[in-house]
Amino acid sequence: MSHSVGHRPLHWIRSIGEVVVLPALLQASPAHALPTGPGLTIAIHDSLPDPLGLTFGIDGALCVGRDNSGSGGGNADSVRIHRIAPGGGPHIQYGARATWDPDVLIFDAAGTYSGVAGSVIVGGRPTSSATGVISAIRPDQSVVTLAGPSAGFVNPSNFAIDNSGRLLFTDFEGTGAVFQMTGGAPAPFFSPGTSNRDIVVHPTTGEIYLRNSNANTIKRYSSTGTLLATVATGIAGTGMGFGTGGIWGTSLYVTSGTRILRVNSATSRDTVASGFSNAVELEFGPGGAMYVSDFAADKVYRLSAATAGVDDIALVDGVRLSVSGAQPSRGETRLRFSIPRSGSTKVEVLDISGRAVATLHEGVTAAGEHEVRWNGHDAGGRRAAPGIYLARVVTADGAASRRVVRVQ
């Protein structure tokens, strides 16, 4: 997607004709103070140029989209994305060749949409072109074109995978349609209008959330594209994502310039972290942490519970979850959880992108301690690939999560 032109914008405004440029003397430097948030530990995951979209591979590596306007070039330039090693740094340029305007991307674990498992799908708009391009970077870093530049879309602006397995993306310009891919060419899905940047899917209901960066609204649609409600108004910014448990619960979080907000209702929101130069996108990943790209500071930050270890978030509102036995694991994984009172409880395993892999327990559960076991297979009975997963327990009283690592 094309963004504001100029060297390192202070407030990165995703709308045509609006450009705010940060003078060179005020640019962020390595000495810039870290963002802060109550109850959070915030650390630099890596420092790298022009970070935008974020997507985790199954091994915990983080691929980061890029907009060359931050380095003094054009916002539709052809450049290479970055890949940050698991755990944070060092990063490399990723892909055998550059791709057009590669600021949005998503990991294709099974190869459902790209044809090769472990590929990174990248969307963008070529310079001076009226059509967009979707490419795939293979695990061997070869690059292939999946769609365009003659498909019926102009500027892919963000990707999401819905609960039925469709790859969805917004087209910020052009007709403004949301497109779908199920292994073939993109096709229009529904038309909410132009200027919708970010798209996320509710992990339980399958409802689709769209963020309009011109109107500063977030709207909720059914899984078939019917408008249901306005979720939030008056929040400028672009990125959003649903919490994956732990301290985050399952709330909706959004970037808003210098802050990260938790959305409670159409008119109510809380600041959970502040002090960013320009937070653009967010993604939940390893250890149940939130990762935030700060375009103006050339950094990706990691936000986690101040009292939690690197690998887990283990206690929220009396809900506990622990992993029994050694990690990583080759065989069965035993999970012990306790809840403070009887009620509806769900224990599930998610992949690194937040998609459900297996439900281990769901139903009314008595207060106290319980144990469930994961045999390493997904809901369809297939053996899950080696990598990092998130086990979580969700109740009305809170949620807790733990990292689970599987090896071959």
# chains A, B, ... in the order shown; residues from 1 in each chain; ligands from 1
>>> residues_around(residues="Ser265 (chain A)", least_positions_apart="2", cutoff="7 Å", atoms="only C-alpha atoms", output="ChimeraX atom specification")
/A:231-232,263,267-269
>>> write_last_selection(atoms="N, CA and C atoms", output="short mmCIF file (atom, residue, chain, number, x, y, z; two decimals), in the first residue's frame")
data_model
loop_
_atom_site.label_atom_id
_atom_site.label_comp_id
_atom_site.auth_asym_id
_atom_site.auth_seq_id
_atom_site.Cartn_x
_atom_site.Cartn_y
_atom_site.Cartn_z
N VAL A 231 -17.90 -0.31 15.69
CA VAL A 231 -17.23 -0.73 16.92
C VAL A 231 -16.59 0.45 17.63
N ALA A 232 -16.01 1.37 16.87
CA ALA A 232 -15.31 2.51 17.47
C ALA A 232 -15.30 3.67 16.50
N VAL A 263 -9.87 -1.24 22.95
CA VAL A 263 -11.21 -0.75 22.62
C VAL A 263 -12.23 -1.48 23.49
N THR A 267 -17.34 4.20 22.15
CA THR A 267 -16.85 5.49 22.65
C THR A 267 -15.88 5.36 23.82
N SER A 268 -15.55 4.14 24.23
CA SER A 268 -14.69 3.94 25.38
C SER A 268 -13.44 3.16 24.99
N ARG A 269 -12.29 3.67 25.40
CA ARG A 269 -11.03 2.97 25.15
C ARG A 269 -10.02 3.33 26.22
#
>>> residues_around(residues="His45 (chain A)", least_positions_apart="2", cutoff="7 Å", atoms="only C-alpha atoms", output="short mmCIF file (atom, residue, chain, number, x, y, z; two decimals) with N, CA and C atoms, in the first residue's frame")
data_model
loop_
_atom_site.label_atom_id
_atom_site.label_comp_id
_atom_site.auth_asym_id
_atom_site.auth_seq_id
_atom_site.Cartn_x
_atom_site.Cartn_y
_atom_site.Cartn_z
N ALA A 43 10.36 -3.78 25.39
CA ALA A 43 11.75 -3.89 24.96
C ALA A 43 11.83 -3.75 23.44
N GLY A 88 14.36 -12.26 18.45
CA GLY A 88 14.73 -10.86 18.25
C GLY A 88 16.15 -10.67 17.81
N GLY A 89 16.33 -10.22 16.58
CA GLY A 89 17.63 -9.93 16.02
C GLY A 89 18.52 -11.16 15.90
N VAL A 300 10.97 -2.35 16.05
CA VAL A 300 9.86 -3.22 16.42
C VAL A 300 9.99 -3.46 17.91
N TYR A 301 8.92 -3.18 18.66
CA TYR A 301 8.91 -3.34 20.12
C TYR A 301 8.17 -4.61 20.51
N ARG A 302 8.57 -5.15 21.65
CA ARG A 302 7.89 -6.31 22.24
C ARG A 302 7.28 -5.89 23.57
#
>>> atom_distance(atom1="CA of Ser329 (chain A)", atom2="CA of Leu282 (chain A)")
29.1 Å
>>> residues_around(residues="region 107-120 of chain A", least_positions_apart="4", cutoff="7 Å", atoms="only C-alpha atoms", output="PyMOL selection string")
chain A and resi 55-58+136-139+146+181-183
>>> residues_around(residues="Asn278 (chain A)", least_positions_apart="4", cutoff="6 Å", atoms="only C-alpha atoms", output="list in words")
Gly257, Thr258, Asp294, Phe295 and Ala296 of chain A
>>> write_last_selection(atoms="N, CA and C atoms", output="mmCIF file, in the first residue's frame")
data_model
loop_
_atom_site.group_PDB
_atom_site.id
_atom_site.type_symbol
_atom_site.label_atom_id
_atom_site.label_comp_id
_atom_site.auth_asym_id
_atom_site.auth_seq_id
_atom_site.Cartn_x
_atom_site.Cartn_y
_atom_site.Cartn_z
ATOM 1 N N GLY A 257 -1.053 6.425 16.648
ATOM 2 C CA GLY A 257 0.044 7.374 16.726
ATOM 3 C C GLY A 257 1.065 7.000 17.779
ATOM 4 N N THR A 258 1.059 7.715 18.892
ATOM 5 C CA THR A 258 2.031 7.475 19.956
ATOM 6 C C THR A 258 1.549 6.448 20.976
ATOM 7 N N ASP A 294 7.151 0.507 14.899
ATOM 8 C CA ASP A 294 7.208 1.963 15.062
ATOM 9 C C ASP A 294 7.971 2.519 13.867
ATOM 10 N N PHE A 295 7.233 2.982 12.875
ATOM 11 C CA PHE A 295 7.821 3.399 11.607
ATOM 12 C C PHE A 295 8.788 4.561 11.784
ATOM 13 N N ALA A 296 8.416 5.537 12.596
ATOM 14 C CA ALA A 296 9.237 6.726 12.755
ATOM 15 C C ALA A 296 10.501 6.475 13.566
#
>>> closest_atom_pairs(of="region 37-150 of chain A", to="region 169-173 of chain A", cutoff="10 Å", atoms="only C-alpha atoms", output="Markdown table")
| residue | atom | partner | partner_atom | distance |
| --- | --- | --- | --- | --- |
| A:Val104 | CA | A:Phe169 | CA | 9.7 |
| A:Gly123 | CA | A:Phe169 | CA | 9.0 |
| A:Gly124 | CA | A:Asp171 | CA | 9.9 |
| A:Ala130 | CA | A:Glu173 | CA | 9.3 |
| A:Thr131 | CA | A:Glu173 | CA | 9.6 |
| A:Gly132 | CA | A:Asp171 | CA | 8.8 |
>>> atom_distance(atom1="CA of Arg197 (chain A)", atom2="CA of Leu210 (chain A)")
7.2 Å
>>> residues_around(residues="Leu360 (chain A)", least_positions_apart="6", cutoff="9 Å", atoms="only C-alpha atoms", output="PDB file with N, CA and C atoms, in the first residue's frame")
ATOM      1  N   LYS A 346     -12.809 -22.772  28.181  1.00  0.00           N
ATOM      2  CA  LYS A 346     -12.294 -23.314  26.922  1.00  0.00           C
ATOM      3  C   LYS A 346     -10.780 -23.383  26.991  1.00  0.00           C
ATOM      4  N   VAL A 347     -10.229 -24.537  26.633  1.00  0.00           N
ATOM      5  CA  VAL A 347      -8.776 -24.719  26.555  1.00  0.00           C
ATOM      6  C   VAL A 347      -8.459 -25.073  25.108  1.00  0.00           C
ATOM      7  N   GLU A 348      -7.566 -24.308  24.498  1.00  0.00           N
ATOM      8  CA  GLU A 348      -7.275 -24.519  23.085  1.00  0.00           C
ATOM      9  C   GLU A 348      -5.802 -24.287  22.795  1.00  0.00           C
ATOM     10  N   VAL A 349      -5.391 -24.702  21.619  1.00  0.00           N
ATOM     11  CA  VAL A 349      -4.032 -24.500  21.130  1.00  0.00           C
ATOM     12  C   VAL A 349      -4.124 -23.649  19.874  1.00  0.00           C
ATOM     13  N   VAL A 372      -5.569 -31.408  30.982  1.00  0.00           N
ATOM     14  CA  VAL A 372      -5.928 -31.851  29.642  1.00  0.00           C
ATOM     15  C   VAL A 372      -4.634 -32.211  28.919  1.00  0.00           C
ATOM     16  N   ARG A 373      -4.753 -32.931  27.819  1.00  0.00           N
ATOM     17  CA  ARG A 373      -3.569 -33.363  27.078  1.00  0.00           C
ATOM     18  C   ARG A 373      -3.739 -33.049  25.599  1.00  0.00           C
ATOM     19  N   TRP A 374      -2.638 -32.598  25.000  1.00  0.00           N
ATOM     20  CA  TRP A 374      -2.610 -32.358  23.562  1.00  0.00           C
ATOM     21  C   TRP A 374      -1.694 -33.391  22.926  1.00  0.00           C
TER      22      TRP A 374
END
>>> residues_around(residues="Ala215 (chain A)", least_positions_apart="2", cutoff="9 Å", atoms="only C-alpha atoms", output="PyMOL selection string")
chain A and resi 195+211-213+217-218+233-236
>>> write_last_selection(atoms="N, CA and C atoms", output="short mmCIF file (atom, residue, chain, number, x, y, z; two decimals), in the first residue's frame")
data_model
loop_
_atom_site.label_atom_id
_atom_site.label_comp_id
_atom_site.auth_asym_id
_atom_site.auth_seq_id
_atom_site.Cartn_x
_atom_site.Cartn_y
_atom_site.Cartn_z
N SER A 195 -10.95 3.36 1.48
CA SER A 195 -10.19 3.85 2.64
C SER A 195 -10.14 2.90 3.82
N ARG A 211 -10.91 -1.32 9.57
CA ARG A 211 -10.54 -0.01 10.12
C ARG A 211 -10.37 0.99 8.98
N ASN A 212 -11.14 2.05 9.01
CA ASN A 212 -11.11 3.08 7.98
C ASN A 212 -10.26 4.25 8.47
N SER A 213 -9.11 4.45 7.82
CA SER A 213 -8.16 5.44 8.32
C SER A 213 -8.52 6.86 7.93
N THR A 217 -12.85 5.17 11.83
CA THR A 217 -13.85 4.27 12.38
C THR A 217 -13.38 2.82 12.28
N ILE A 218 -13.94 1.97 13.13
CA ILE A 218 -13.79 0.53 13.02
C ILE A 218 -15.19 -0.04 12.96
N THR A 233 -15.30 4.87 17.06
CA THR A 233 -15.20 6.09 16.26
C THR A 233 -14.13 6.99 16.87
N GLY A 234 -13.61 7.89 16.04
CA GLY A 234 -12.71 8.92 16.55
C GLY A 234 -11.33 8.45 16.96
N ILE A 235 -10.88 7.29 16.43
CA ILE A 235 -9.53 6.81 16.74
C ILE A 235 -8.70 6.85 15.47
N ALA A 236 -7.77 7.79 15.39
CA ALA A 236 -6.89 7.87 14.23
C ALA A 236 -5.82 6.80 14.33
#
>>> closest_atom_pairs(of="region 216-289 of chain A", to="region 70-86 of chain A", cutoff="12 Å", atoms="only C-alpha atoms", output="tab-separated table")
residue	atom	partner	partner_atom	distance
A:Asn278	CA	A:Gly70	CA	12.0
A:Gly285	CA	A:Pro86	CA	10.7
A:Pro286	CA	A:Pro86	CA	8.9
A:Gly287	CA	A:Pro86	CA	11.6
>>> write_last_selection(atoms="N, CA and C atoms", output="tab-separated table (two decimals), in the first residue's frame")
chain	number	residue	atom	x	y	z
A	278	ASN	N	5.66	6.57	16.30
A	278	ASN	CA	4.52	6.40	15.42
A	278	ASN	C	4.22	4.92	15.26
A	285	GLY	N	2.38	-12.56	19.22
A	285	GLY	CA	3.29	-13.60	18.81
A	285	GLY	C	3.84	-14.40	19.96
A	286	PRO	N	5.08	-14.88	19.84
A	286	PRO	CA	5.67	-15.78	20.84
A	286	PRO	C	5.56	-15.25	22.26
A	287	GLY	N	5.24	-16.18	23.17
A	287	GLY	CA	5.12	-15.81	24.57
A	287	GLY	C	3.88	-15.03	24.90
>>> closest_residue(among="A:Gly184, A:Val254, A:Phe153, A:Tyr389", to="Pro328 (chain A)", atoms="only C-alpha atoms")
A:Tyr389
>>> select_by_dssp(residues="region 144-388 of chain A", states="strand (DSSP E)", output="ChimeraX atom specification")
/A:144-147,156-161,167-171,178-181,187-190,196-201,208-212,217-221,227-233,240-242,252-263,269-284,290-294,299-305,312-313,315-316,319-324,333-339,343-350,356-365,368-374,387-388
>>> residues_around(residues="Ala306 (chain A)", least_positions_apart="6", cutoff="10 Å", atoms="only C-alpha atoms", output="VMD selection string")
chain A and resid 37 to 42 313
>>> write_last_selection(atoms="C-alpha atoms", output="PDB file, in the first residue's frame")
ATOM      1  CA  GLY A  37       2.707   0.998  29.900  1.00  0.00           C
ATOM      2  CA  PRO A  38       1.411   0.054  33.359  1.00  0.00           C
ATOM      3  CA  GLY A  39       2.130  -3.590  34.144  1.00  0.00           C
ATOM      4  CA  LEU A  40       4.140  -4.017  30.940  1.00  0.00           C
ATOM      5  CA  THR A  41       7.748  -4.699  30.079  1.00  0.00           C
ATOM      6  CA  ILE A  42       8.529  -3.027  26.759  1.00  0.00           C
ATOM      7  CA  ILE A 313       1.849 -15.316  30.747  1.00  0.00           C
TER       8      ILE A 313
END
>>> closest_residue(among="A:Gly275, A:Gly376, A:Gly398, A:Gly331", to="Gly318 (chain A)", atoms="only C-alpha atoms")
A:Gly398
